[in-house]
Amino acid sequence: MTENTLNEIIHAPNRLRICALLSGPLELQFRVLKNELDVSNSVLSKHLKVLEHAGYIVIHKRKEFGGDRTWVSLSSKGRKAFHAHIDALREVVNL
Amino acid sequence: MDIIQTPTEIEGAKQSLKDIQEFGSRLSEQYRPTLLLTLFMGACQASITMGYGMTEHENDWAMAMVIGAIGSVLGLLLYTYTFRLLGIKLPIVPRDSRSLKFFVGVATASVVPIFAARHLRLLGLTYAPHACAVLSFVMVVYSMHRYPAGIVPAIEPKDD
(Lines give C-alpha, C1' and ligand atoms only; values in the text may rest on other atoms or scores of the structure.)
Protein backbone atom coordinates (compact mmCIF):
# COMPACT_ATOMS: atom_id res chain seq x y z
CA MET A 1 0.00 0.00 0.00
CA THR A 2 1.36 3.42 -0.88
CA GLU A 3 1.37 6.32 1.55
CA ASN A 4 -1.85 8.30 1.98
CA THR A 5 -4.14 5.57 0.73
CA LEU A 6 -7.24 4.78 2.69
CA ASN A 7 -8.80 1.35 2.74
CA GLU A 8 -12.30 1.68 1.37
CA ILE A 9 -13.54 -1.46 3.09
CA ILE A 10 -12.39 -0.39 6.54
CA HIS A 11 -13.15 3.30 6.11
CA ALA A 12 -16.95 2.92 6.37
CA PRO A 13 -17.82 4.20 9.90
CA ASN A 14 -19.36 1.02 11.29
CA ARG A 15 -16.67 -1.23 9.83
CA LEU A 16 -13.99 1.10 11.21
CA ARG A 17 -15.60 0.80 14.64
CA ILE A 18 -15.81 -2.97 14.32
CA CYS A 19 -12.08 -3.12 13.54
CA ALA A 20 -11.30 -0.76 16.43
CA LEU A 21 -13.28 -2.94 18.83
CA LEU A 22 -11.68 -6.13 17.51
CA SER A 23 -8.14 -4.74 17.56
CA GLY A 24 -7.71 -5.38 21.29
CA PRO A 25 -9.27 -8.67 22.36
CA LEU A 26 -8.63 -12.08 20.87
CA GLU A 27 -12.30 -12.56 19.99
CA LEU A 28 -15.58 -10.76 20.61
CA GLN A 29 -19.05 -12.15 20.64
CA PHE A 30 -21.55 -10.93 18.06
CA ARG A 31 -23.82 -9.58 20.81
CA VAL A 32 -20.99 -7.44 22.26
CA LEU A 33 -20.35 -5.87 18.85
CA LYS A 34 -24.08 -5.31 18.41
CA ASN A 35 -24.41 -3.61 21.80
CA GLU A 36 -21.36 -1.43 21.31
CA LEU A 37 -22.31 -0.30 17.81
CA ASP A 38 -26.01 -0.01 18.67
CA VAL A 39 -27.11 -1.46 15.34
CA SER A 40 -29.53 -4.20 14.33
CA ASN A 41 -28.48 -7.81 13.75
CA SER A 42 -28.96 -7.46 9.99
CA VAL A 43 -26.86 -4.30 9.72
CA LEU A 44 -24.06 -5.83 11.76
CA SER A 45 -24.21 -9.07 9.76
CA LYS A 46 -23.93 -7.12 6.54
CA HIS A 47 -20.82 -5.28 7.69
CA LEU A 48 -19.25 -8.46 9.07
CA LYS A 49 -19.85 -10.22 5.77
CA VAL A 50 -18.02 -7.47 3.89
CA LEU A 51 -15.07 -7.71 6.27
CA GLU A 52 -15.09 -11.50 6.18
CA HIS A 53 -15.21 -11.54 2.40
CA ALA A 54 -12.12 -9.29 2.35
CA GLY A 55 -10.36 -11.69 4.70
CA TYR A 56 -10.11 -9.08 7.46
CA ILE A 57 -12.09 -10.96 10.09
CA VAL A 58 -12.75 -14.57 11.02
CA ILE A 59 -16.16 -15.70 12.24
CA HIS A 60 -16.59 -18.83 14.35
CA LYS A 61 -19.88 -20.30 15.49
CA ARG A 62 -19.62 -22.52 18.55
CA LYS A 63 -21.93 -24.19 21.00
CA GLU A 64 -21.13 -22.81 24.44
CA PHE A 65 -22.97 -22.56 27.73
CA GLY A 66 -26.01 -24.29 26.25
CA GLY A 67 -26.45 -22.10 23.19
CA ASP A 68 -24.95 -21.05 19.88
CA ARG A 69 -22.38 -18.27 20.16
CA THR A 70 -20.85 -16.35 17.29
CA TRP A 71 -17.30 -15.18 17.91
CA VAL A 72 -15.58 -12.65 15.68
CA SER A 73 -11.86 -11.93 15.52
CA LEU A 74 -9.56 -9.79 13.42
CA SER A 75 -7.32 -11.80 11.11
CA SER A 76 -3.64 -10.94 10.74
CA LYS A 77 -4.44 -9.52 7.30
CA GLY A 78 -7.20 -7.41 8.86
CA ARG A 79 -4.90 -6.24 11.65
CA LYS A 80 -2.27 -5.12 9.14
CA ALA A 81 -4.89 -3.38 7.01
CA PHE A 82 -6.38 -1.66 10.06
CA HIS A 83 -3.01 -0.34 11.25
CA ALA A 84 -2.13 0.75 7.71
CA HIS A 85 -5.46 2.57 7.58
CA ILE A 86 -4.69 4.37 10.85
CA ASP A 87 -1.31 5.41 9.46
CA ALA A 88 -3.00 6.71 6.33
CA LEU A 89 -5.53 8.67 8.40
CA ARG A 90 -2.72 10.15 10.46
CA GLU A 91 -0.95 11.23 7.30
CA VAL A 92 -4.12 12.91 6.09
CA VAL A 93 -4.45 14.96 9.28
CA ASN A 94 -0.65 15.41 9.52
CA LEU A 95 -0.33 13.88 12.98
CA MET B 1 -11.36 -2.63 -5.75
CA ASP B 2 -10.30 -2.64 -2.10
CA ILE B 3 -8.16 0.44 -2.01
CA ILE B 4 -9.16 3.96 -2.91
CA GLN B 5 -6.60 6.60 -3.86
CA THR B 6 -8.67 9.75 -3.38
CA PRO B 7 -7.65 11.79 -0.32
CA THR B 8 -10.30 12.07 2.38
CA GLU B 9 -11.14 15.41 3.82
CA ILE B 10 -9.16 16.28 6.92
CA GLU B 11 -12.24 16.61 9.08
CA GLY B 12 -13.44 13.18 8.01
CA ALA B 13 -10.05 11.67 8.83
CA LYS B 14 -10.04 13.38 12.23
CA GLN B 15 -13.48 11.99 12.97
CA SER B 16 -12.33 8.51 11.92
CA LEU B 17 -9.33 8.70 14.25
CA LYS B 18 -11.60 9.90 17.04
CA ASP B 19 -13.90 6.92 16.39
CA ILE B 20 -10.96 4.49 16.50
CA GLN B 21 -9.77 6.03 19.73
CA GLU B 22 -13.22 5.94 21.31
CA PHE B 23 -14.19 2.42 20.25
CA GLY B 24 -10.71 1.02 20.82
CA SER B 25 -10.79 1.98 24.47
CA ARG B 26 -14.51 1.39 24.96
CA LEU B 27 -14.14 -2.24 26.04
CA SER B 28 -11.51 -1.28 28.62
CA GLU B 29 -13.80 1.39 30.03
CA GLN B 30 -17.00 -0.63 30.12
CA TYR B 31 -15.82 -4.10 31.05
CA ARG B 32 -13.80 -3.77 34.21
CA PRO B 33 -13.34 -6.60 36.72
CA THR B 34 -14.97 -6.10 40.10
CA LEU B 35 -13.09 -4.03 42.65
CA LEU B 36 -12.94 -7.06 44.94
CA LEU B 37 -11.23 -9.18 42.28
CA THR B 38 -8.82 -6.34 41.47
CA LEU B 39 -7.89 -5.93 45.14
CA PHE B 40 -7.61 -9.71 45.56
CA MET B 41 -5.19 -9.97 42.63
CA GLY B 42 -3.17 -7.06 43.99
CA ALA B 43 -3.04 -8.66 47.44
CA CYS B 44 -1.90 -11.98 45.94
CA GLN B 45 0.93 -10.28 44.06
CA ALA B 46 1.91 -8.38 47.21
CA SER B 47 1.83 -11.64 49.15
CA ILE B 48 4.22 -13.29 46.68
CA THR B 49 6.58 -10.31 46.83
CA MET B 50 6.49 -10.08 50.61
CA GLY B 51 6.74 -13.84 51.00
CA TYR B 52 9.79 -14.17 48.77
CA GLY B 53 11.42 -11.18 50.41
CA MET B 54 10.94 -12.48 53.93
CA THR B 55 11.38 -16.22 53.45
CA GLU B 56 14.06 -17.74 55.67
CA HIS B 57 14.35 -21.48 55.13
CA GLU B 58 10.85 -22.73 55.97
CA ASN B 59 9.28 -19.95 57.96
CA ASP B 60 5.64 -18.89 57.53
CA TRP B 61 6.46 -16.40 54.80
CA ALA B 62 7.10 -19.28 52.42
CA MET B 63 3.49 -20.30 53.00
CA ALA B 64 2.36 -16.74 52.21
CA MET B 65 4.25 -16.93 48.94
CA VAL B 66 2.59 -20.24 48.01
CA ILE B 67 -0.86 -18.99 48.97
CA GLY B 68 -0.27 -15.83 46.96
CA ALA B 69 0.76 -17.85 43.91
CA ILE B 70 -2.30 -20.12 44.17
CA GLY B 71 -4.54 -17.08 44.66
CA SER B 72 -3.03 -15.39 41.61
CA VAL B 73 -3.68 -18.40 39.40
CA LEU B 74 -7.26 -18.76 40.67
CA GLY B 75 -7.83 -15.02 40.27
CA LEU B 76 -6.48 -15.10 36.75
CA LEU B 77 -8.76 -18.01 35.83
CA LEU B 78 -11.78 -16.23 37.31
CA TYR B 79 -10.77 -13.03 35.52
CA THR B 80 -10.52 -14.79 32.16
CA TYR B 81 -13.75 -16.73 32.72
CA THR B 82 -15.65 -13.58 33.72
CA PHE B 83 -14.62 -11.81 30.52
CA ARG B 84 -15.49 -14.86 28.47
CA LEU B 85 -19.00 -14.89 29.94
CA LEU B 86 -19.27 -11.23 28.98
CA GLY B 87 -18.39 -12.16 25.40
CA ILE B 88 -14.76 -11.06 25.35
CA LYS B 89 -11.93 -13.50 24.83
CA LEU B 90 -8.76 -12.00 26.24
CA PRO B 91 -5.48 -12.06 24.34
CA ILE B 92 -2.99 -14.57 25.78
CA VAL B 93 -0.01 -13.48 23.72
CA PRO B 94 0.72 -10.02 22.34
CA ARG B 95 -0.11 -9.58 18.67
CA ASP B 96 1.42 -6.21 17.86
CA SER B 97 4.29 -4.06 19.05
CA ARG B 98 2.11 -1.97 21.37
CA SER B 99 0.73 -5.08 23.09
CA LEU B 100 4.22 -6.58 23.26
CA LYS B 101 5.53 -3.47 25.02
CA PHE B 102 2.61 -3.66 27.46
CA PHE B 103 3.14 -7.37 28.21
CA VAL B 104 6.91 -6.92 28.66
CA GLY B 105 6.32 -3.90 30.88
CA VAL B 106 3.82 -5.72 33.10
CA ALA B 107 6.02 -8.84 33.29
CA THR B 108 9.05 -6.74 34.26
CA ALA B 109 7.11 -4.67 36.77
CA SER B 110 5.78 -7.91 38.31
CA VAL B 111 9.09 -9.75 38.59
CA VAL B 112 11.53 -6.98 39.54
CA PRO B 113 9.92 -6.09 42.92
CA ILE B 114 9.86 -9.80 43.88
CA PHE B 115 13.61 -10.22 43.49
CA ALA B 116 14.38 -6.69 44.69
CA ALA B 117 12.49 -7.40 47.93
CA ARG B 118 14.76 -10.29 48.83
CA HIS B 119 18.07 -8.88 47.65
CA LEU B 120 17.55 -5.48 49.26
CA ARG B 121 16.62 -7.14 52.57
CA LEU B 122 19.76 -9.27 52.42
CA LEU B 123 21.71 -6.06 51.86
CA GLY B 124 20.33 -4.75 55.13
CA LEU B 125 17.24 -2.81 54.07
CA THR B 126 14.82 -4.43 56.52
CA TYR B 127 11.69 -2.82 55.18
CA ALA B 128 12.45 -3.41 51.49
CA PRO B 129 9.99 -6.36 51.23
CA HIS B 130 7.23 -4.19 52.69
CA ALA B 131 7.92 -1.38 50.23
CA CYS B 132 8.18 -3.80 47.30
CA ALA B 133 4.93 -5.51 48.34
CA VAL B 134 3.14 -2.15 48.34
CA LEU B 135 4.70 -1.38 44.96
CA SER B 136 3.49 -4.75 43.57
CA PHE B 137 -0.01 -4.15 44.92
CA VAL B 138 -0.22 -0.67 43.38
CA MET B 139 1.19 -1.92 40.07
CA VAL B 140 -1.35 -4.75 39.77
CA VAL B 141 -4.32 -2.60 40.80
CA TYR B 142 -3.27 0.19 38.44
CA SER B 143 -2.69 -2.07 35.43
CA MET B 144 -5.98 -3.91 36.04
CA HIS B 145 -7.76 -0.58 36.25
CA ARG B 146 -6.03 1.07 33.30
CA TYR B 147 -5.94 -1.95 31.00
CA PRO B 148 -8.58 -4.25 32.53
CA ALA B 149 -8.62 -6.77 29.74
CA GLY B 150 -4.97 -6.44 28.85
CA ILE B 151 -6.26 -4.56 25.85
CA VAL B 152 -4.01 -1.82 24.53
CA PRO B 153 -6.04 0.44 22.19
CA ALA B 154 -4.61 1.13 18.73
CA ILE B 155 -4.78 4.83 19.63
CA GLU B 156 -4.46 5.82 23.29
CA PRO B 157 -7.08 8.33 24.52
CA LYS B 158 -4.31 10.78 25.51
CA ASP B 159 -3.23 10.98 21.83
CA ASP B 160 -6.19 13.18 21.01
# chains A, B, ... in the order shown; residues from 1 in each chain; ligands from 1
>>> residues_around(residues="B:Glu11", least_positions_apart="6", cutoff="10 Å", atoms="only C-alpha atoms", output="ChimeraX atom specification")
/A:92-93 /B:17
>>> write_last_selection(atoms="C-alpha atoms", output="PDB file, in the first residue's frame")
ATOM      1  CA  VAL A  92      -4.121  12.914   6.090  1.00  0.00           C
ATOM      2  CA  VAL A  93      -4.447  14.964   9.276  1.00  0.00           C
TER       3      VAL A  93
ATOM      4  CA  LEU B  17      -9.328   8.698  14.254  1.00  0.00           C
TER       5      LEU B  17
END
>>> residues_around(residues="B:Ile67", least_positions_apart="2", cutoff="8 Å", atoms="only C-alpha atoms", output="PyMOL selection string")
chain B and resi 44+47-48+63-65+69-71
>>> write_last_selection(atoms="N, CA and C atoms", output="mmCIF file, in the first residue's frame")
data_model
loop_
_atom_site.group_PDB
_atom_site.id
_atom_site.type_symbol
_atom_site.label_atom_id
_atom_site.label_comp_id
_atom_site.auth_asym_id
_atom_site.auth_seq_id
_atom_site.Cartn_x
_atom_site.Cartn_y
_atom_site.Cartn_z
ATOM 1 N N CYS B 44 -2.639 -10.740 46.240
ATOM 2 C CA CYS B 44 -1.902 -11.980 45.936
ATOM 3 C C CYS B 44 -0.487 -11.658 45.455
ATOM 4 N N SER B 47 1.509 -10.507 48.285
ATOM 5 C CA SER B 47 1.829 -11.640 49.154
ATOM 6 C C SER B 47 3.038 -12.424 48.613
ATOM 7 N N ILE B 48 3.076 -12.593 47.301
ATOM 8 C CA ILE B 48 4.219 -13.291 46.676
ATOM 9 C C ILE B 48 5.505 -12.484 46.917
ATOM 10 N N MET B 63 4.914 -19.944 53.181
ATOM 11 C CA MET B 63 3.495 -20.303 53.000
ATOM 12 C C MET B 63 2.725 -19.149 52.356
ATOM 13 N N ALA B 64 3.035 -17.911 52.793
ATOM 14 C CA ALA B 64 2.363 -16.736 52.213
ATOM 15 C C ALA B 64 2.646 -16.636 50.722
ATOM 16 N N MET B 65 3.869 -16.982 50.352
ATOM 17 C CA MET B 65 4.250 -16.933 48.937
ATOM 18 C C MET B 65 3.451 -17.963 48.130
ATOM 19 N N ALA B 69 0.646 -17.297 45.270
ATOM 20 C CA ALA B 69 0.760 -17.849 43.912
ATOM 21 C C ALA B 69 -0.523 -18.586 43.517
ATOM 22 N N ILE B 70 -1.050 -19.392 44.453
ATOM 23 C CA ILE B 70 -2.300 -20.121 44.166
ATOM 24 C C ILE B 70 -3.439 -19.129 43.948
ATOM 25 N N GLY B 71 -3.496 -18.110 44.798
ATOM 26 C CA GLY B 71 -4.541 -17.084 44.657
ATOM 27 C C GLY B 71 -4.444 -16.362 43.330
#
>>> closest_atom_pairs(of="chain A", to="chain B", cutoff="10 Å", atoms="only C-alpha atoms", output="CSV")
residue,atom,partner,partner_atom,distance
A:Met1,CA,B:Ile3,CA,8.4
A:Thr2,CA,B:Gln5,CA,9.1
A:Glu3,CA,B:Gln5,CA,9.6
A:Asn4,CA,B:Pro7,CA,7.2
A:Thr5,CA,B:Gln5,CA,5.3
A:Leu6,CA,B:Ile4,CA,6.0
A:Asn7,CA,B:Ile3,CA,4.9
A:Glu8,CA,B:Ile3,CA,5.5
A:Ile9,CA,B:Asp2,CA,6.2
A:Ile10,CA,B:Asp2,CA,9.2
A:His11,CA,B:Ser16,CA,7.9
A:Ala12,CA,B:Ser16,CA,9.1
A:Pro13,CA,B:Ser16,CA,7.3
A:Asn14,CA,B:Asp19,CA,9.5
A:Leu16,CA,B:Ile20,CA,7.0
A:Arg17,CA,B:Phe23,CA,6.0
A:Ile18,CA,B:Phe23,CA,8.2
A:Cys19,CA,B:Ile20,CA,8.2
A:Ala20,CA,B:Gly24,CA,4.8
A:Leu21,CA,B:Gly24,CA,5.1
A:Leu22,CA,B:Gly24,CA,7.9
A:Ser23,CA,B:Ala154,CA,7.0
A:Gly24,CA,B:Ile151,CA,4.9
A:Pro25,CA,B:Leu90,CA,5.1
A:Leu26,CA,B:Pro91,CA,4.7
A:Glu27,CA,B:Lys89,CA,4.9
A:Leu28,CA,B:Ile88,CA,4.8
A:Gln29,CA,B:Gly87,CA,4.8
A:Phe30,CA,B:Gly87,CA,8.1
A:Arg31,CA,B:Gly87,CA,7.6
A:Val32,CA,B:Gly87,CA,6.2
A:Leu33,CA,B:Gly87,CA,9.3
A:Glu36,CA,B:Phe23,CA,8.2
A:Leu37,CA,B:Phe23,CA,8.9
A:Ala54,CA,B:Asp2,CA,8.2
A:Glu64,CA,B:Leu85,CA,9.9
A:Phe65,CA,B:Leu85,CA,8.9
A:Arg69,CA,B:Gly87,CA,9.0
A:Thr70,CA,B:Gly87,CA,9.5
A:Trp71,CA,B:Gly87,CA,8.1
A:Val72,CA,B:Ile88,CA,9.8
A:Ser73,CA,B:Lys89,CA,9.4
A:Ser76,CA,B:Arg95,CA,8.8
A:Arg79,CA,B:Asp96,CA,8.9
A:Lys80,CA,B:Asp96,CA,9.5
A:Phe82,CA,B:Ala154,CA,9.3
A:His83,CA,B:Ala154,CA,7.8
A:His85,CA,B:Leu17,CA,9.9
A:Ile86,CA,B:Leu17,CA,7.2
A:Asp87,CA,B:Leu17,CA,9.9
A:Ala88,CA,B:Ala13,CA,9.0
A:Leu89,CA,B:Ala13,CA,5.4
A:Arg90,CA,B:Ala13,CA,7.7
A:Glu91,CA,B:Ala13,CA,9.2
A:Val92,CA,B:Ile10,CA,6.1
A:Val93,CA,B:Ile10,CA,5.4
A:Asn94,CA,B:Ile10,CA,8.9
A:Leu95,CA,B:Lys14,CA,9.7
>>> select_by_dssp(residues="stretch 70-124 of chain B", states="alpha helix (DSSP H)", output="VMD selection string")
chain B and resid 70 to 86 97 to 122
